[in-house]
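S.K.: If you scroll down you'll find the structure; I have some questions about it.
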Amino acid sequence: MEIKAAVVHAPRTPFIIEAVRLEAPRADEVLVKLTATGVCHTDVAIVEQILPLPLPYILGHEGAGVVVEAGRP
Ligand SMILES: [Zn+2]
């Protein structure tokens, strides 16, 4: 499925809201329809590459929402 996400592509650049592809949940995962999320200091550390996770990276890991699907075992 296609979703919208806040994506950072390069260090110390603004994120872009764009369409990204999301796979169906695996056996040990659930699909959550987010109703709210934010960008926290950890996300900023990733953008600044103080926390050097690979880019591109999707920001907003502190979301709240509703589980709409569970992966099949
Ligand atoms: Zn956080």
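The way I read the labels, and the way they are meant: chains A, B, ... in the order of the structure tokens, residue 1 as the first residue of every chain, and ligand 1 as the first ligand shown, with later ones counted on from there.
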Would you list the residues that come within 6 Å of ligand 1? Count only C-alpha atoms and all ligand atoms and give the answer as a list in words.
M.R.: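 So the residues close to ligand 1 are Cys40, Thr42 and Glu62 of chain A.
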S.K.: Create the file for the chosen residues now, containing N, CA, C and O atoms and written as a PDB file, in the first residue's frame.
M.R.:
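Listing of part-v4.pdb after writing:
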ATOM      1  N   CYS A  40      10.484  14.115  17.421  1.00  0.00           N
ATOM      2  CA  CYS A  40      11.123  14.308  18.729  1.00  0.00           C
ATOM      3  C   CYS A  40      12.625  14.574  18.572  1.00  0.00           C
ATOM      4  O   CYS A  40      13.157  14.601  17.470  1.00  0.00           O
ATOM      5  N   THR A  42      15.062  12.643  19.128  1.00  0.00           N
ATOM      6  CA  THR A  42      15.760  11.535  18.468  1.00  0.00           C
ATOM      7  C   THR A  42      15.690  11.705  16.952  1.00  0.00           C
ATOM      8  O   THR A  42      16.679  11.475  16.239  1.00  0.00           O
ATOM      9  N   GLU A  62       6.907   8.182  17.348  1.00  0.00           N
ATOM     10  CA  GLU A  62       6.108   8.205  18.582  1.00  0.00           C
ATOM     11  C   GLU A  62       4.637   8.458  18.248  1.00  0.00           C
ATOM     12  O   GLU A  62       4.032   9.411  18.723  1.00  0.00           O
TER      13      GLU A  62
END
S.K.: Of the residues A:Val8, A:Ala70, A:Ala24, A:Leu31, which is the one nearest to Glu48 of chain A, using only C-alpha atoms?
M.R.: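 Nearest candidate to Glu48 of chain A out of A:Val8, A:Ala70, A:Ala24, A:Leu31: A:Val8.
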S.K.: Work out how far atom CA of Ala27 of chain A is from atom CA of Leu55 of chain A, in Å to one decimal.
M.R.: 26.3 Å
S.K.: Residues within 7 Å of Glu2 of chain A, please, as a list in words. Count only C-alpha atoms; anything in the same chain fewer than 4 positions from it doesn't count.
M.R.: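 Final neighbour list, sorted by chain and number: Ala19, Val20, Arg21 and Leu22 of chain A.
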S.K.: Mind pulling up the distance from atom CA of Gly60 of chain A to atom CA of Val7 of chain A?
M.R.: 9.4 Å
S.K.: Among chain A, which ones does DSSP place in helix (DSSP H, G or I), written as a list of chain:residue names?
M.R.: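 Those residues are A:His41, A:Thr42, A:Asp43, A:Val44, A:Ala45, A:Ile46, A:Val47.
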S.K.: Generate the output file for the selected residues, C-alpha atoms, as an mmCIF file, in the first residue's frame.
M.R.:
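So the final result, stored in again-v7.cif, reads:
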data_model
loop_
_atom_site.group_PDB
_atom_site.id
_atom_site.type_symbol
_atom_site.label_atom_id
_atom_site.label_comp_id
_atom_site.auth_asym_id
_atom_site.auth_seq_id
_atom_site.Cartn_x
_atom_site.Cartn_y
_atom_site.Cartn_z
ATOM 1 C CA HIS A 41 14.738 14.993 19.692
ATOM 2 C CA THR A 42 15.760 11.535 18.468
ATOM 3 C CA ASP A 43 14.382 12.366 15.003
ATOM 4 C CA VAL A 44 16.337 15.634 15.067
ATOM 5 C CA ALA A 45 19.489 13.707 16.055
ATOM 6 C CA ILE A 46 18.954 11.467 13.009
ATOM 7 C CA VAL A 47 18.491 14.484 10.707
#
S.K.: Find, counting only C-alpha atoms, the residue in A:Arg12, A:His61, A:Arg72, A:Lys4 that gets nearest to Thr37 of chain A.
M.R.: A:His61
